[in-house]
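Down below is the structure, laid out as structure tokens.
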2 protein chains.
Amino acid sequence: MSLLIVGSIGTDDIETPFDSIKNALGGSTTYISLAASYFTAPISIVGVVGDDFDKAFIRTFEEHNIDLEGLQIVQGGKTFRYGCKYQYDLNVRDTLYTDLNVFENFDPVIPEKSKKSSFVVLGNIAPKLQMNVLKQLYNPKFVVCDTMNFWIERTKEELLEVLKLVNVLIINDSEARLLAHEPNLIKAARLIRELGPEYLIIKKGEHGAMLFADNTVFSAPAYPMENIFDPTGAGDAFAGGFTGYLHKTQTIDLDNIKRAVIYGSVMASFCVEKFSTKGLEDLSYLQIHDRFLEFRELTNF
Amino acid sequence: MSLLIVGSIGTDDIETPFDSIKNALGGSTTYISLAASYFTAPISIVGVVGDDFDKAFIRTFEEHNIDLEGLQIVQGGKTFRYGCKYQYDLNVRDTLYTDLNVFENFDPVIPEKSKKSSFVVLGNIAPKLQMNVLKQLYNPKFVVCDTMNFWIERTKEELLEVLKLVNVLIINDSEARLLAHEPNLIKAARLIRELGPEYLIIKKGEHGAMLFADNTVFSAPAYPMENIFDPTGAGDAFAGGFTGYLHKTQTIDLDNIKRAVIYGSVMASFCVEKFSTKGLEDLSYLQIHDRFLEFRELTNF
């Protein structure tokens, strides 16, 4: 059964202190699916673009064996467009514009064959759309969900309904503190898991990631990088590597989930080495495996 | 040969959101030596107090088999006094007052028998005093050094002279960025190691610690704690556990230094569980060893 990924697909304009790029392929679904494509197939994505969406981007998905049956192309519509600028230390991102365009009325329709998917990733979109996706599925056994401050602040009730149905929530540390109303991350994690998710992953950027499960905390290091070119999509690349590895191995136990967290960290590290999705476009399995072993070496004592 | 520790000894008034304590035992030498005392002996400390220094504090040192020959007690003098208040999230500390008192004219005099020490910890004091200590030693083979923003900003030239003679520098992430003038921590670490220290340890509070050596980065997790009662002295407890373990084992290779980083992290985690030095006063070796194993479990995959 395919790995189903639902979220945004768009065009990004990105500026960092080192360089800038315009009209780049972007969106949460894009990064998640490209990262996952190194681990597993088939992958089906559901999203919406306008008819201005670059044909080369379609080919990028196809080259990664990503099934586009669920991609709606709105004739005469304009694709979701996002512009941002990173400051000197790269931890601060200013959004320059968010033109929702066709994404504003996005109504995810799951193709019949994908309704049987048991593995699904709900990218960072409105909780009511995430719920809409879940309702169309026959038997979603393993649901991975992302969200952000915007939805926590504005649509908390809807988000809480989604969280009851989620197996893994992947958010960053500031989102975890906000969602739990608690500055201590360990306490926040306990409170969030009480909302539904059996597994909680808190991403901490340059400080790595933490996995919380019953009676377990697992701490994954960050990959030490002297040069981060573009942090865009790192969190989505993490979700893609994480879920792609689990979909490949079809084993949901704590040891395998820890390995999946490391594969997620590996894909996030490749993602930020190049602009936009470029860091996720031409990898080999050997490169990915070597970096996995480097992660092991990082914490081994 | 004894482990020699030089730094401040004083009386602290500490306020946290949970409780407050007045006239508590404090100072960098205090935390370093108490933490190290669980690993090794003899430990000799060099410092200065006034004759108002509580006799019970002297007994605390003695109970931990810490040699006080190098402790100067200034008749009629007042002991160094420090007051601070932690904010709600405990990452922000406001200094309420720093009364240097007898510490203002501190001139560290190393007792004859301690001049042969090959292991020395230079606590966070003025670089010119740190240099003064090194000059009195016959053969300092393994020098561990701490410093802070204050000295980096005001006495950088003197600090750079000390760093040339240091084997291990232990600082926190903001100090590392300041010292190297570089926001990327991995780059900053490379630049700082070029100043002298063969090993650099960067403490990151709730995000753990990183060890940098030739061609090696080692990432130590933080111990997951729901309740941190008092962060005071955590960095010094780290330095004490780190150096105490190395002094005990007398083995300076990368694998043993990684283990020492974990023992440092273990002692820092015990330190913050209680107010002032209380978390370092009544530990058993079994407790320390068990927590060491918990640290291994935290990153094992």
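Letters for chains follow the order of the structure tokens (A, B, ...), residue numbers begin at 1 for each chain, and ligand numbers begin at 1 in the order shown.
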Review point. Taking only C-alpha atoms into account, which residues of chain B are within 7 Å of chain A, as a PyMOL selection string?
Key: chain B and resi 89+183-184+186-187+207+217-221+224-226+255+258-259+298-299+301
Point to revise | Residues near Tyr245 of chain B, cut-off 8 Å, only C-alpha atoms, skip fewer than 5 positions along chain, as a PyMOL selection string | key: chain B and resi 36+39-40+260+263
Please write out chain A, superposed on chain B by least squares over all C-alpha atoms matched in order, as a JSON list (two decimals) with C-alpha atoms, in the first residue's frame.
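Generated file (selection.json):
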[["chain", "number", "residue", "atom", "x", "y", "z"],
["A", 1, "MET", "CA", 49.50, 13.61, 42.77],
["A", 2, "SER", "CA", 46.51, 15.70, 43.78],
["A", 3, "LEU", "CA", 43.93, 17.22, 41.49],
["A", 4, "LEU", "CA", 44.38, 20.97, 41.93],
["A", 5, "ILE", "CA", 41.37, 23.28, 41.67],
["A", 6, "VAL", "CA", 41.61, 27.06, 41.75],
["A", 7, "GLY", "CA", 38.70, 29.50, 41.59],
["A", 8, "SER", "CA", 36.14, 31.32, 43.71],
["A", 9, "ILE", "CA", 34.67, 30.27, 47.03],
["A", 10, "GLY", "CA", 31.81, 32.28, 48.44],
["A", 11, "THR", "CA", 28.38, 32.66, 49.89],
["A", 12, "ASP", "CA", 25.34, 32.72, 47.59],
["A", 13, "ASP", "CA", 21.82, 34.09, 47.91],
["A", 14, "ILE", "CA", 19.69, 32.34, 45.29],
["A", 15, "GLU", "CA", 16.10, 32.93, 44.29],
["A", 16, "THR", "CA", 14.22, 30.71, 41.85],
["A", 17, "PRO", "CA", 10.49, 30.58, 41.02],
["A", 18, "PHE", "CA", 10.22, 27.60, 43.40],
["A", 19, "ASP", "CA", 12.13, 28.67, 46.49],
["A", 20, "SER", "CA", 14.98, 30.80, 47.74],
["A", 21, "ILE", "CA", 18.02, 30.23, 49.89],
["A", 22, "LYS", "CA", 20.30, 32.66, 51.70],
["A", 23, "ASN", "CA", 23.90, 32.28, 52.87],
["A", 24, "ALA", "CA", 24.46, 29.10, 50.90],
["A", 25, "LEU", "CA", 27.87, 27.65, 50.10],
["A", 26, "GLY", "CA", 28.89, 28.72, 46.59],
["A", 27, "GLY", "CA", 31.71, 29.53, 44.20],
["A", 28, "SER", "CA", 33.24, 27.74, 41.24],
["A", 29, "THR", "CA", 35.94, 25.93, 43.25],
["A", 30, "THR", "CA", 33.27, 24.64, 45.60],
["A", 31, "TYR", "CA", 31.09, 23.04, 42.93],
["A", 32, "ILE", "CA", 34.07, 21.70, 40.95],
["A", 33, "SER", "CA", 35.71, 20.10, 43.97],
["A", 34, "LEU", "CA", 32.52, 18.59, 45.42],
["A", 35, "ALA", "CA", 31.64, 17.02, 42.06],
["A", 36, "ALA", "CA", 35.19, 15.71, 41.56],
["A", 37, "SER", "CA", 35.32, 14.28, 45.08],
["A", 38, "TYR", "CA", 33.04, 11.36, 44.06],
["A", 39, "PHE", "CA", 35.68, 10.17, 41.63],
["A", 40, "THR", "CA", 39.12, 10.80, 42.99],
["A", 41, "ALA", "CA", 41.44, 11.87, 45.81],
["A", 42, "PRO", "CA", 43.44, 13.75, 46.87],
["A", 43, "ILE", "CA", 41.87, 17.03, 45.77],
["A", 44, "SER", "CA", 43.51, 20.31, 46.75],
["A", 45, "ILE", "CA", 41.74, 23.62, 46.44],
["A", 46, "VAL", "CA", 43.19, 27.10, 46.37],
["A", 47, "GLY", "CA", 40.97, 30.07, 47.19],
["A", 48, "VAL", "CA", 40.23, 32.83, 49.65],
["A", 49, "VAL", "CA", 37.47, 33.54, 52.18],
["A", 50, "GLY", "CA", 36.99, 35.93, 55.09],
["A", 51, "ASP", "CA", 36.87, 34.89, 58.72],
["A", 52, "ASP", "CA", 33.07, 35.14, 58.50],
["A", 53, "PHE", "CA", 33.06, 31.97, 56.37],
["A", 54, "ASP", "CA", 30.71, 29.44, 58.00],
["A", 55, "LYS", "CA", 32.54, 26.64, 59.83],
["A", 56, "ALA", "CA", 29.88, 24.24, 58.56],
["A", 57, "PHE", "CA", 31.11, 24.93, 55.01],
["A", 58, "ILE", "CA", 34.65, 24.01, 56.05],
["A", 59, "ARG", "CA", 33.26, 20.73, 57.37],
["A", 60, "THR", "CA", 31.47, 20.10, 54.05],
["A", 61, "PHE", "CA", 34.82, 20.27, 52.24],
["A", 62, "GLU", "CA", 36.47, 18.08, 54.87],
["A", 63, "GLU", "CA", 33.72, 15.48, 54.68],
["A", 64, "HIS", "CA", 34.50, 15.20, 50.96],
["A", 65, "ASN", "CA", 38.21, 14.70, 51.70],
["A", 66, "ILE", "CA", 39.14, 17.99, 50.09],
["A", 67, "ASP", "CA", 42.52, 19.31, 51.20],
["A", 68, "LEU", "CA", 42.23, 22.92, 52.39],
["A", 69, "GLU", "CA", 45.90, 23.79, 52.82],
["A", 70, "GLY", "CA", 45.57, 26.26, 49.93],
["A", 71, "LEU", "CA", 42.51, 27.99, 51.40],
["A", 72, "GLN", "CA", 43.47, 31.47, 52.60],
["A", 73, "ILE", "CA", 41.30, 32.77, 55.47],
["A", 74, "VAL", "CA", 41.68, 36.54, 55.74],
["A", 75, "GLN", "CA", 41.29, 37.70, 59.33],
["A", 76, "GLY", "CA", 38.77, 40.54, 59.53],
["A", 77, "GLY", "CA", 37.87, 40.04, 55.87],
["A", 78, "LYS", "CA", 34.46, 39.38, 54.38],
["A", 79, "THR", "CA", 33.80, 36.41, 52.11],
["A", 80, "PHE", "CA", 32.90, 36.85, 48.42],
["A", 81, "ARG", "CA", 29.12, 37.14, 48.19],
["A", 82, "TYR", "CA", 26.86, 36.62, 45.17],
["A", 83, "GLY", "CA", 23.12, 37.12, 44.79],
["A", 84, "CYS", "CA", 21.01, 36.09, 41.83],
["A", 85, "LYS", "CA", 17.42, 35.53, 40.79],
["A", 86, "TYR", "CA", 16.21, 33.10, 38.13],
["A", 87, "GLN", "CA", 13.24, 33.93, 35.98],
["A", 88, "TYR", "CA", 10.31, 31.66, 35.22],
["A", 89, "ASP", "CA", 12.01, 29.57, 32.52],
["A", 90, "LEU", "CA", 15.28, 29.22, 34.52],
["A", 91, "ASN", "CA", 17.40, 29.99, 31.46],
["A", 92, "VAL", "CA", 17.55, 33.65, 32.41],
["A", 93, "ARG", "CA", 19.53, 34.64, 35.50],
["A", 94, "ASP", "CA", 19.63, 38.18, 36.84],
["A", 95, "THR", "CA", 22.63, 38.98, 39.02],
["A", 96, "LEU", "CA", 21.40, 40.94, 42.05],
["A", 97, "TYR", "CA", 24.84, 41.73, 43.47],
["A", 98, "THR", "CA", 28.46, 40.63, 43.37],
["A", 99, "ASP", "CA", 30.38, 41.69, 46.46],
["A", 100, "LEU", "CA", 33.96, 40.66, 45.74],
["A", 101, "ASN", "CA", 35.18, 41.45, 49.27],
["A", 102, "VAL", "CA", 38.37, 39.44, 50.00],
["A", 103, "PHE", "CA", 38.21, 38.00, 46.48],
["A", 104, "GLU", "CA", 39.06, 41.45, 45.08],
["A", 105, "ASN", "CA", 42.72, 41.09, 46.06],
["A", 106, "PHE", "CA", 42.94, 37.33, 45.66],
["A", 107, "ASP", "CA", 46.46, 36.22, 44.88],
["A", 108, "PRO", "CA", 46.44, 32.44, 44.47],
["A", 109, "VAL", "CA", 49.36, 30.84, 46.27],
["A", 110, "ILE", "CA", 49.84, 27.18, 45.43],
["A", 111, "PRO", "CA", 51.06, 25.12, 48.41],
["A", 112, "GLU", "CA", 54.45, 23.53, 47.79],
["A", 113, "LYS", "CA", 53.12, 19.98, 47.59],
["A", 114, "SER", "CA", 50.46, 20.96, 45.03],
["A", 115, "LYS", "CA", 52.96, 22.58, 42.70],
["A", 116, "LYS", "CA", 53.71, 19.07, 41.41],
["A", 117, "SER", "CA", 50.07, 18.54, 40.39],
["A", 118, "SER", "CA", 49.80, 17.57, 36.75],
["A", 119, "PHE", "CA", 45.98, 17.85, 36.64],
["A", 120, "VAL", "CA", 44.64, 21.33, 37.28],
["A", 121, "VAL", "CA", 41.26, 22.99, 36.89],
["A", 122, "LEU", "CA", 41.28, 26.76, 36.42],
["A", 123, "GLY", "CA", 37.83, 27.88, 37.54],
["A", 124, "ASN", "CA", 36.17, 30.98, 36.14],
["A", 125, "ILE", "CA", 38.44, 33.74, 37.49],
["A", 126, "ALA", "CA", 40.45, 36.54, 35.85],
["A", 127, "PRO", "CA", 42.80, 35.20, 33.15],
["A", 128, "LYS", "CA", 45.78, 36.91, 34.80],
["A", 129, "LEU", "CA", 45.11, 34.88, 37.98],
["A", 130, "GLN", "CA", 44.78, 31.71, 35.89],
["A", 131, "MET", "CA", 48.18, 32.48, 34.32],
["A", 132, "ASN", "CA", 49.62, 33.23, 37.75],
["A", 133, "VAL", "CA", 48.54, 29.71, 38.87],
["A", 134, "LEU", "CA", 50.05, 28.01, 35.83],
["A", 135, "LYS", "CA", 53.38, 29.77, 36.38],
["A", 136, "GLN", "CA", 53.64, 28.32, 39.89],
["A", 137, "LEU", "CA", 53.23, 24.72, 38.71],
["A", 138, "TYR", "CA", 56.22, 22.52, 37.86],
["A", 139, "ASN", "CA", 54.59, 20.33, 35.21],
["A", 140, "PRO", "CA", 50.93, 21.02, 34.45],
["A", 141, "LYS", "CA", 50.21, 18.20, 31.97],
["A", 142, "PHE", "CA", 46.45, 18.46, 31.80],
["A", 143, "VAL", "CA", 44.94, 21.91, 32.27],
["A", 144, "VAL", "CA", 41.15, 22.32, 32.23],
["A", 145, "CYS", "CA", 39.94, 25.92, 32.00],
["A", 146, "ASP", "CA", 36.64, 27.74, 32.34],
["A", 147, "THR", "CA", 35.95, 31.38, 31.50],
["A", 148, "MET", "CA", 32.98, 33.67, 30.85],
["A", 149, "ASN", "CA", 31.67, 36.57, 28.75],
["A", 150, "PHE", "CA", 33.03, 39.10, 31.25],
["A", 151, "TRP", "CA", 36.67, 38.04, 30.69],
["A", 152, "ILE", "CA", 36.22, 37.48, 26.93],
["A", 153, "GLU", "CA", 34.99, 41.04, 26.57],
["A", 154, "ARG", "CA", 37.32, 42.82, 28.98],
["A", 155, "THR", "CA", 40.59, 40.87, 29.16],
["A", 156, "LYS", "CA", 40.75, 39.07, 25.84],
["A", 157, "GLU", "CA", 44.52, 39.43, 25.33],
["A", 158, "GLU", "CA", 45.25, 37.89, 28.73],
["A", 159, "LEU", "CA", 42.72, 35.14, 28.09],
["A", 160, "LEU", "CA", 44.33, 34.29, 24.73],
["A", 161, "GLU", "CA", 47.69, 33.86, 26.49],
["A", 162, "VAL", "CA", 46.11, 31.41, 28.94],
["A", 163, "LEU", "CA", 44.36, 29.48, 26.15],
["A", 164, "LYS", "CA", 47.72, 28.68, 24.54],
["A", 165, "LEU", "CA", 48.55, 26.64, 27.66],
["A", 166, "VAL", "CA", 45.19, 24.94, 28.12],
["A", 167, "ASN", "CA", 44.35, 21.33, 27.16],
["A", 168, "VAL", "CA", 40.59, 21.54, 27.64],
["A", 169, "LEU", "CA", 38.44, 24.66, 27.49],
["A", 170, "ILE", "CA", 34.90, 24.30, 28.85],
["A", 171, "ILE", "CA", 32.53, 27.14, 27.96],
["A", 172, "ASN", "CA", 28.89, 27.57, 27.02],
["A", 173, "ASP", "CA", 27.49, 28.18, 23.55],
["A", 174, "SER", "CA", 27.07, 31.96, 23.84],
["A", 175, "GLU", "CA", 30.61, 32.28, 25.19],
["A", 176, "ALA", "CA", 31.93, 30.19, 22.27],
["A", 177, "ARG", "CA", 30.14, 32.40, 19.73],
["A", 178, "LEU", "CA", 31.48, 35.52, 21.43],
["A", 179, "LEU", "CA", 35.06, 34.23, 21.72],
["A", 180, "ALA", "CA", 35.16, 33.19, 18.04],
["A", 181, "HIS", "CA", 33.04, 36.07, 16.62],
["A", 182, "GLU", "CA", 31.11, 33.38, 14.74],
["A", 183, "PRO", "CA", 27.43, 32.39, 15.03],
["A", 184, "ASN", "CA", 27.87, 28.85, 13.64],
["A", 185, "LEU", "CA", 28.91, 26.71, 16.59],
["A", 186, "ILE", "CA", 30.85, 24.15, 14.53],
["A", 187, "LYS", "CA", 32.90, 26.87, 12.86],
["A", 188, "ALA", "CA", 33.33, 28.65, 16.20],
["A", 189, "ALA", "CA", 34.67, 25.43, 17.71],
["A", 190, "ARG", "CA", 37.27, 25.06, 14.98],
["A", 191, "LEU", "CA", 38.42, 28.66, 15.44],
["A", 192, "ILE", "CA", 38.67, 28.32, 19.22],
["A", 193, "ARG", "CA", 40.70, 25.11, 19.01],
["A", 194, "GLU", "CA", 43.15, 26.99, 16.80],
["A", 195, "LEU", "CA", 43.77, 29.30, 19.78],
["A", 196, "GLY", "CA", 45.29, 26.44, 21.78],
["A", 197, "PRO", "CA", 42.92, 23.97, 23.46],
["A", 198, "GLU", "CA", 43.28, 20.44, 22.06],
["A", 199, "TYR", "CA", 39.81, 19.68, 23.38],
["A", 200, "LEU", "CA", 36.89, 22.08, 23.48],
["A", 201, "ILE", "CA", 33.67, 21.36, 25.34],
["A", 202, "ILE", "CA", 30.68, 23.55, 24.60],
["A", 203, "LYS", "CA", 27.88, 23.32, 27.17],
["A", 204, "LYS", "CA", 24.39, 23.96, 25.83],
["A", 205, "GLY", "CA", 22.27, 23.73, 29.00],
["A", 206, "GLU", "CA", 19.05, 21.82, 28.30],
["A", 207, "HIS", "CA", 20.51, 20.76, 24.92],
["A", 208, "GLY", "CA", 23.49, 18.87, 26.36],
["A", 209, "ALA", "CA", 27.14, 19.37, 25.53],
["A", 210, "MET", "CA", 29.50, 18.92, 22.60],
["A", 211, "LEU", "CA", 33.11, 17.81, 22.60],
["A", 212, "PHE", "CA", 35.39, 18.91, 19.76],
["A", 213, "ALA", "CA", 38.75, 17.27, 19.07],
["A", 214, "ASP", "CA", 40.85, 16.50, 15.99],
["A", 215, "ASN", "CA", 38.45, 15.21, 13.30],
["A", 216, "THR", "CA", 35.90, 14.44, 15.99],
["A", 217, "VAL", "CA", 32.63, 15.85, 17.23],
["A", 218, "PHE", "CA", 30.94, 14.10, 20.12],
["A", 219, "SER", "CA", 27.42, 15.03, 21.14],
["A", 220, "ALA", "CA", 26.33, 14.37, 24.73],
["A", 221, "PRO", "CA", 22.61, 14.60, 25.48],
["A", 222, "ALA", "CA", 21.15, 16.49, 28.39],
["A", 223, "TYR", "CA", 19.48, 14.45, 31.10],
["A", 224, "PRO", "CA", 15.71, 14.90, 30.66],
["A", 225, "MET", "CA", 14.45, 16.68, 33.78],
["A", 226, "GLU", "CA", 10.93, 17.81, 34.52],
["A", 227, "ASN", "CA", 12.06, 19.80, 37.53],
["A", 228, "ILE", "CA", 15.20, 21.86, 37.69],
["A", 229, "PHE", "CA", 15.36, 23.48, 41.10],
["A", 230, "ASP", "CA", 18.49, 25.56, 40.85],
["A", 231, "PRO", "CA", 20.81, 25.80, 37.81],
["A", 232, "THR", "CA", 23.57, 27.46, 39.90],
["A", 233, "GLY", "CA", 26.87, 25.60, 39.64],
["A", 234, "ALA", "CA", 25.80, 23.17, 36.90],
["A", 235, "GLY", "CA", 28.70, 24.17, 34.65],
["A", 236, "ASP", "CA", 31.18, 23.82, 37.50],
["A", 237, "ALA", "CA", 29.71, 20.45, 38.51],
["A", 238, "PHE", "CA", 30.25, 19.40, 34.88],
["A", 239, "ALA", "CA", 33.91, 20.46, 35.04],
["A", 240, "GLY", "CA", 34.33, 18.63, 38.35],
["A", 241, "GLY", "CA", 32.80, 15.35, 37.15],
["A", 242, "PHE", "CA", 34.76, 15.57, 33.90],
["A", 243, "THR", "CA", 38.14, 16.21, 35.50],
["A", 244, "GLY", "CA", 37.53, 13.99, 38.53],
["A", 245, "TYR", "CA", 36.87, 11.00, 36.27],
["A", 246, "LEU", "CA", 39.97, 11.70, 34.16],
["A", 247, "HIS", "CA", 42.14, 12.18, 37.26],
["A", 248, "LYS", "CA", 40.91, 8.85, 38.61],
["A", 249, "THR", "CA", 41.52, 6.93, 35.39],
["A", 250, "GLN", "CA", 44.69, 8.84, 34.41],
["A", 251, "THR", "CA", 43.96, 8.06, 30.76],
["A", 252, "ILE", "CA", 43.82, 10.92, 28.30],
["A", 253, "ASP", "CA", 42.52, 9.45, 25.09],
["A", 254, "LEU", "CA", 39.46, 10.34, 23.06],
["A", 255, "ASP", "CA", 37.30, 7.41, 24.23],
["A", 256, "ASN", "CA", 38.00, 8.17, 27.87],
["A", 257, "ILE", "CA", 37.43, 11.87, 27.36],
["A", 258, "LYS", "CA", 34.00, 11.09, 25.86],
["A", 259, "ARG", "CA", 33.15, 9.07, 28.97],
["A", 260, "ALA", "CA", 34.39, 11.99, 31.08],
["A", 261, "VAL", "CA", 31.99, 14.32, 29.22],
["A", 262, "ILE", "CA", 29.15, 12.00, 30.21],
["A", 263, "TYR", "CA", 30.32, 11.90, 33.86],
["A", 264, "GLY", "CA", 30.42, 15.70, 33.73],
["A", 265, "SER", "CA", 26.84, 15.73, 32.42],
["A", 266, "VAL", "CA", 25.81, 13.28, 35.16],
["A", 267, "MET", "CA", 27.19, 15.54, 37.91],
["A", 268, "ALA", "CA", 25.56, 18.64, 36.36],
["A", 269, "SER", "CA", 22.21, 16.81, 36.37],
["A", 270, "PHE", "CA", 22.53, 15.94, 40.06],
["A", 271, "CYS", "CA", 23.62, 19.49, 40.84],
["A", 272, "VAL", "CA", 20.44, 21.14, 39.51],
["A", 273, "GLU", "CA", 18.09, 18.75, 41.30],
["A", 274, "LYS", "CA", 18.56, 20.56, 44.61],
["A", 275, "PHE", "CA", 19.37, 24.04, 45.84],
["A", 276, "SER", "CA", 22.94, 25.31, 45.99],
["A", 277, "THR", "CA", 25.49, 22.52, 46.56],
["A", 278, "LYS", "CA", 22.94, 20.18, 48.21],
["A", 279, "GLY", "CA", 22.64, 18.04, 45.07],
["A", 280, "LEU", "CA", 26.36, 17.28, 45.25],
["A", 281, "GLU", "CA", 26.65, 16.55, 48.95],
["A", 282, "ASP", "CA", 25.13, 13.11, 49.51],
["A", 283, "LEU", "CA", 25.55, 11.00, 46.40],
["A", 284, "SER", "CA", 26.65, 7.41, 46.15],
["A", 285, "TYR", "CA", 28.86, 5.97, 43.45],
["A", 286, "LEU", "CA", 25.99, 3.64, 42.52],
["A", 287, "GLN", "CA", 23.67, 6.59, 41.85],
["A", 288, "ILE", "CA", 26.32, 8.16, 39.65],
["A", 289, "HIS", "CA", 26.95, 4.92, 37.77],
["A", 290, "ASP", "CA", 23.22, 4.31, 37.24],
["A", 291, "ARG", "CA", 22.78, 7.75, 35.76],
["A", 292, "PHE", "CA", 25.79, 7.20, 33.50],
["A", 293, "LEU", "CA", 23.99, 4.12, 32.14],
["A", 294, "GLU", "CA", 20.79, 6.16, 31.70],
["A", 295, "PHE", "CA", 22.80, 8.60, 29.56],
["A", 296, "ARG", "CA", 23.95, 5.70, 27.40],
["A", 297, "GLU", "CA", 20.34, 4.57, 26.96],
["A", 298, "LEU", "CA", 19.29, 8.10, 25.94],
["A", 299, "THR", "CA", 21.23, 8.06, 22.68],
["A", 300, "ASN", "CA", 21.49, 4.35, 21.94],
["A", 301, "PHE", "CA", 19.98, 3.22, 18.64]]
Exercise for review: Go through segment 128-163 of chain B and collect every residue that DSSP, computed from the backbone, puts in strand (DSSP E or B); the answer should be as a list of chain:residue names.
Suggested key: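 Selection result, strand (DSSP E or B) within segment 128-163 of chain B: B:Phe142, B:Val143, B:Val144, B:Cys145, B:Asp146.
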Exercise for review: Could you find all residues in segment 11-68 of chain B that DSSP calls helix (DSSP H, G or I) from the backbone, and write them as JSON, numbers by chain?
Suggested key: {"B": [28, 29, 30, 31, 32, 33, 34, 35, 36, 55, 56, 57, 58, 59, 60, 61, 62, 63]}
